[in-house]
file structure_14.cif (mmCIF, C-alpha atoms)
data_target
#
loop_
_atom_site.label_atom_id
_atom_site.label_comp_id
_atom_site.auth_asym_id
_atom_site.auth_seq_id
_atom_site.Cartn_x
_atom_site.Cartn_y
_atom_site.Cartn_z
CA MET A 112 61.25 -89.83 82.69
CA PRO A 113 61.74 -92.28 79.80
CA ILE A 114 65.29 -92.63 78.47
CA LYS A 115 63.98 -92.15 74.89
CA SER A 116 62.91 -88.65 75.88
CA ILE A 117 66.33 -87.86 77.32
CA LEU A 118 68.21 -89.15 74.29
CA SER A 119 65.97 -87.37 71.81
CA GLY A 120 66.08 -84.09 73.75
CA LYS A 121 62.29 -84.11 74.22
CA CYS A 122 62.32 -83.81 77.99
CA SER A 123 62.14 -80.84 80.26
CA PRO A 124 65.32 -80.10 82.19
CA LEU A 125 65.29 -80.81 85.88
CA ASN A 126 66.35 -77.94 88.10
CA PHE A 127 67.62 -78.43 91.61
CA GLU A 128 68.19 -75.75 94.16
CA LEU A 129 70.84 -76.75 96.65
CA GLN A 130 71.04 -75.22 100.07
CA PHE A 131 74.31 -75.48 101.96
CA SER A 132 74.54 -75.84 105.71
CA PRO A 133 77.47 -74.21 107.53
CA GLU A 134 78.92 -77.68 108.19
CA GLU A 135 79.09 -78.42 104.45
CA LYS A 136 81.31 -75.35 103.87
CA GLY A 137 79.80 -74.76 100.43
CA LYS A 138 80.32 -78.33 99.12
CA LYS A 139 77.90 -81.17 98.41
CA ASN A 140 78.39 -84.63 96.98
CA GLY A 141 75.85 -85.78 94.42
CA HIS A 142 74.94 -88.92 92.54
CA ILE A 143 72.68 -89.32 89.50
CA ASP A 144 71.48 -92.60 88.00
CA ILE A 145 69.71 -92.94 84.68
CA LEU A 146 67.56 -96.05 84.77
CA GLN A 147 65.74 -97.95 82.07
CA GLY A 148 63.35 -100.15 83.94
CA SER A 149 65.46 -101.47 86.78
CA ALA A 150 68.73 -101.40 84.77
CA ILE A 151 71.19 -98.57 85.36
CA ARG A 152 72.14 -97.07 81.97
CA ALA A 153 74.36 -94.28 83.28
CA GLU A 154 75.51 -92.97 86.60
CA LYS A 155 77.60 -90.04 87.71
CA GLU A 156 79.16 -88.98 91.00
CA PHE A 157 79.93 -85.29 91.34
CA ILE A 158 80.82 -82.58 93.80
CA VAL A 159 79.04 -79.25 93.75
CA SER A 160 80.63 -76.31 95.47
CA ASN A 161 79.61 -72.74 96.01
CA GLU A 162 82.35 -70.15 95.55
CA ASP A 163 81.98 -66.38 95.42
CA GLU A 164 83.51 -64.48 92.51
CA PRO A 165 86.42 -62.40 93.78
CA ASP A 166 87.24 -58.79 92.95
CA TYR A 167 89.66 -59.40 90.07
CA ALA A 168 90.88 -55.79 90.21
CA VAL A 169 93.02 -56.59 93.26
CA ASP A 170 95.60 -59.28 94.01
CA HIS A 171 94.73 -61.32 97.07
CA THR A 172 97.20 -63.61 98.80
CA ASP A 173 96.83 -66.01 101.69
CA SER A 174 98.92 -65.95 104.88
CA HIS A 175 101.77 -67.74 103.01
CA GLY A 176 101.86 -65.12 100.23
CA ARG A 177 100.23 -67.44 97.68
CA LEU A 178 97.86 -65.90 95.16
CA GLN A 179 94.25 -66.92 95.74
CA TYR A 180 93.04 -66.34 92.15
CA VAL A 181 94.21 -64.90 88.83
CA SER A 182 93.75 -61.13 88.95
CA ASN A 183 93.57 -58.58 86.14
CA ASN A 184 97.06 -57.45 87.20
CA LEU A 185 98.42 -60.92 86.48
CA PHE A 186 96.80 -60.83 83.03
CA GLU A 187 98.57 -57.53 82.32
CA ILE A 188 101.91 -59.05 83.26
CA LEU A 189 101.25 -62.12 81.12
CA ALA A 190 100.36 -59.90 78.15
CA ASP A 191 103.73 -58.17 78.47
CA VAL A 192 105.65 -61.42 78.71
CA ILE A 193 103.75 -63.74 76.33
CA HIS A 194 103.19 -61.99 73.04
CA THR A 195 104.31 -64.16 70.13
CA PRO A 196 101.49 -65.91 68.25
CA LYS A 197 103.15 -69.31 68.74
CA ASP A 198 103.40 -68.89 72.52
CA VAL A 199 99.85 -67.53 72.80
CA ILE A 200 98.39 -70.42 70.81
CA THR A 201 100.38 -73.06 72.69
CA PHE A 202 99.46 -71.47 76.01
CA GLY A 203 95.78 -71.20 74.98
CA TYR A 204 95.65 -74.89 74.10
CA GLN A 205 97.17 -75.76 77.47
CA LEU A 206 94.46 -73.68 79.16
CA GLY A 207 91.92 -75.87 77.36
CA LEU A 208 90.74 -73.20 74.94
CA SER A 209 89.56 -74.17 71.48
CA TYR A 210 91.21 -73.03 68.27
CA SER A 211 88.11 -70.99 67.39
CA SER A 212 88.18 -69.22 70.76
CA MET A 213 91.83 -68.28 70.35
CA LYS A 214 91.25 -67.26 66.73
CA LYS A 215 88.30 -65.07 67.77
CA HIS A 216 90.43 -63.04 70.17
CA ASN A 217 93.77 -63.18 68.40
CA ASP A 218 92.68 -62.67 64.82
CA GLN A 219 95.43 -62.36 62.21
CA THR A 220 94.35 -58.74 61.61
CA ASP A 221 95.53 -58.03 65.17
CA VAL A 222 98.87 -59.72 64.65
CA TYR A 223 101.68 -57.36 63.74
CA LEU A 224 105.44 -57.79 63.70
CA ASP A 225 105.19 -61.30 65.14
CA SER A 226 103.21 -60.08 68.15
CA VAL A 227 99.59 -60.52 69.22
CA SER A 228 97.12 -57.89 70.39
CA ARG A 229 97.21 -57.24 74.14
CA SER A 230 93.46 -56.66 74.18
CA GLY A 231 92.74 -59.90 72.30
CA PHE A 232 95.05 -61.88 74.57
CA GLY A 233 93.40 -60.32 77.63
CA LYS A 234 89.92 -61.22 76.35
CA MET A 235 91.07 -64.76 75.69
CA LEU A 236 92.39 -65.05 79.26
CA ARG A 237 89.18 -63.57 80.74
CA ASP A 238 87.14 -66.16 78.79
CA TRP A 239 89.30 -68.88 80.32
CA ARG A 240 88.98 -67.39 83.81
CA ARG A 241 85.17 -67.44 83.61
CA GLN A 242 85.32 -71.22 83.10
CA VAL A 243 87.55 -71.97 86.11
CA ARG A 244 86.78 -71.78 89.82
CA PRO A 245 88.74 -68.96 91.46
CA SER A 246 90.39 -71.37 93.89
CA GLU A 247 91.72 -73.47 90.97
CA GLN A 248 92.86 -70.64 88.67
CA VAL A 249 96.42 -70.15 89.90
CA ASP A 250 97.28 -73.85 89.80
CA GLU A 251 95.72 -74.31 86.35
CA LEU A 252 97.52 -71.23 85.02
CA HIS A 253 100.84 -72.44 86.45
CA LEU A 254 100.39 -75.90 84.92
CA ALA A 255 99.39 -74.45 81.53
CA LEU A 256 102.48 -72.21 81.48
CA GLN A 257 104.70 -75.19 82.35
CA ASN A 258 103.09 -77.43 79.70
CA ALA A 259 103.33 -74.69 77.06
CA GLY A 260 107.09 -74.51 77.53
CA LEU A 261 106.78 -71.24 79.44
CA GLY A 262 107.86 -72.65 82.79
CA HIS A 263 110.31 -69.86 83.44
CA ALA A 264 107.49 -67.34 83.03
CA ALA A 265 105.43 -69.32 85.53
CA GLU A 266 108.20 -69.34 88.11
CA VAL A 267 109.13 -65.70 87.67
CA ILE A 268 105.63 -64.22 87.40
CA LEU A 269 103.86 -66.22 90.06
CA HIS A 270 106.79 -66.01 92.49
CA GLU A 271 107.41 -62.31 91.90
CA LEU A 272 103.76 -61.38 92.32
CA SER A 273 103.52 -63.11 95.66
CA SER A 274 106.64 -61.33 96.91
CA GLY A 275 105.47 -57.93 95.64
CA ARG A 276 108.24 -57.06 93.16
CA ARG A 277 107.32 -54.60 90.45
CA PHE A 278 106.57 -55.61 86.87
CA ALA A 279 109.68 -53.94 85.45
CA GLN A 280 111.86 -56.26 87.50
CA VAL A 281 109.83 -59.31 86.45
CA LYS A 282 110.03 -58.35 82.79
CA GLN A 283 113.77 -57.70 83.02
CA VAL A 284 114.41 -61.16 84.46
CA TRP A 285 112.17 -62.76 81.83
CA GLU A 286 113.86 -60.92 78.96
CA SER A 287 117.34 -61.88 80.21
CA LYS A 288 116.39 -65.59 80.05
CA LYS A 289 115.26 -65.55 76.41
#

call {"tool": "encode", "arguments": {"input": "structure_14.cif", "output": "structure tokens"}}
result
Amino acid sequence: MPIKSILSGKCSPLNFELQFSPEEKGKKNGHIDILQGSAIRAEKEFIVSNEDEPDYAVDHTDSHGRLQYVSNNLFEILADVIHTPKDVITFGYQLGLSYSSMKKHNDQTDVYLDSVSRSGFGKMLRDWRRQVRPSEQVDELHLALQNAGLGHAAEVILHELSSGRRFAQVKQVWESKK
């Protein structure tokens, strides 16, 4: 297909259906070249992987007690620990969310007494979770908490969830460190 058509948006999209063999374990390597004549104008290497969406209503840990994905329960705990507009915005930016996305869910009409809406914060987190592979969610969440200056929350929440302590204990420890 001519590069002029690609650049002007006048081309039909190409759809590929990938089939995975058991040996590939749900991952394929890919390579795309955009040519103009015999000259390569752009090229891209990528990995495609197939991952099922987990049941977010339950926490699932591996044999080492490490969380496998970010569950709804973890969102509830985060909403109880991170509630100031400044922390929510800083955390949202570290998750890679745009200002408009955060504003949509944490509108100033929801903000009261220097606290954000639990429901808005939860919706913001669910939007983020839809954009991240389940197997990468816990690590990205941990890094975002660290980079947002909420490292203690990351250590307490992620550690306490994997060891099964109740939320009241987690919140108590968090509040004592403020």

call {"tool": "residues_around", "arguments": {"input": "structure_14.cif", "residues": "Leu189 in chain A", "least_positions_apart": "2", "cutoff": "10 Å", "atoms": "all atoms listed in the file", "output": "PyMOL selection string"}}
result
chain A and resi 183-187+191-194+229+232-233+236+264-265+268+282

call {"tool": "resolve_selection", "arguments": {"input": "structure_14.cif", "expression": "the PyMOL selection byres ((chain A and resi 212) around 12)", "output": "compact mmCIF listing (two decimals) with C-alpha atoms, keeping the file's coordinate frame"}}
result
# COMPACT_ATOMS: atom_id res chain seq x y z
CA VAL A 199 99.85 -67.53 72.80
CA ILE A 200 98.39 -70.42 70.81
CA GLY A 203 95.78 -71.20 74.98
CA TYR A 204 95.65 -74.89 74.10
CA LEU A 206 94.46 -73.68 79.16
CA GLY A 207 91.92 -75.87 77.36
CA LEU A 208 90.74 -73.20 74.94
CA SER A 209 89.56 -74.17 71.48
CA TYR A 210 91.21 -73.03 68.27
CA SER A 211 88.11 -70.99 67.39
CA MET A 213 91.83 -68.28 70.35
CA LYS A 214 91.25 -67.26 66.73
CA LYS A 215 88.30 -65.07 67.77
CA HIS A 216 90.43 -63.04 70.17
CA ASN A 217 93.77 -63.18 68.40
CA ASP A 218 92.68 -62.67 64.82
CA GLY A 231 92.74 -59.90 72.30
CA PHE A 232 95.05 -61.88 74.57
CA LYS A 234 89.92 -61.22 76.35
CA MET A 235 91.07 -64.76 75.69
CA LEU A 236 92.39 -65.05 79.26
CA ARG A 237 89.18 -63.57 80.74
CA ASP A 238 87.14 -66.16 78.79
CA TRP A 239 89.30 -68.88 80.32

call {"tool": "closest_residue", "arguments": {"input": "structure_14.cif", "among": "A:Val267, A:Arg177, A:Lys121, A:Pro245", "to": "Asp163 in chain A", "atoms": "all atoms listed in the file"}}
result
A:Pro245

call {"tool": "resolve_selection", "arguments": {"input": "structure_14.cif", "expression": "the PyMOL selection byres ((chain A and resi 153) around 12)", "output": "ChimeraX atom specification"}}
result
/A:114,117,142-147,149-152,154-156

call {"tool": "residues_near_point", "arguments": {"input": "structure_14.cif", "point": "(96.4, -61.5, 95.6)", "cutoff": "8 Å", "atoms": "only C-alpha atoms", "output": "list in words"}}
result
Val169, Asp170, His171, Thr172, Asp173, Arg177, Leu178, Gln179, Tyr180, Val181, Ser182 and Ser273 of chain A

call {"tool": "atom_distance", "arguments": {"input": "structure_14.cif", "atom1": "CA of Ala259 in chain A", "atom2": "CA of Gln205 in chain A"}}
result
6.3 Å

call {"tool": "residues_around", "arguments": {"input": "structure_14.cif", "residues": "Phe202 in chain A", "least_positions_apart": "5", "cutoff": "8 Å", "atoms": "only C-alpha atoms", "output": "number ranges by chain"}}
result
A: 255-256, 258-259

call {"tool": "atom_distance", "arguments": {"input": "structure_14.cif", "atom1": "CA of Gln257 in chain A", "atom2": "CA of Ser174 in chain A"}}
result
25.0 Å

call {"tool": "atom_distance", "arguments": {"input": "structure_14.cif", "atom1": "CA of Val227 in chain A", "atom2": "CA of Tyr167 in chain A"}}
result
23.1 Å

call {"tool": "closest_residue", "arguments": {"input": "structure_14.cif", "among": "A:Arg244, A:Lys197, A:His175, A:His263", "to": "Asn161 in chain A", "atoms": "only C-alpha atoms"}}
result
A:Arg244

call {"tool": "closest_residue", "arguments": {"input": "structure_14.cif", "among": "A:Leu261, A:Ser230, A:Val159, A:Thr195", "to": "Glu128 in chain A", "atoms": "only C-alpha atoms"}}
result
A:Val159
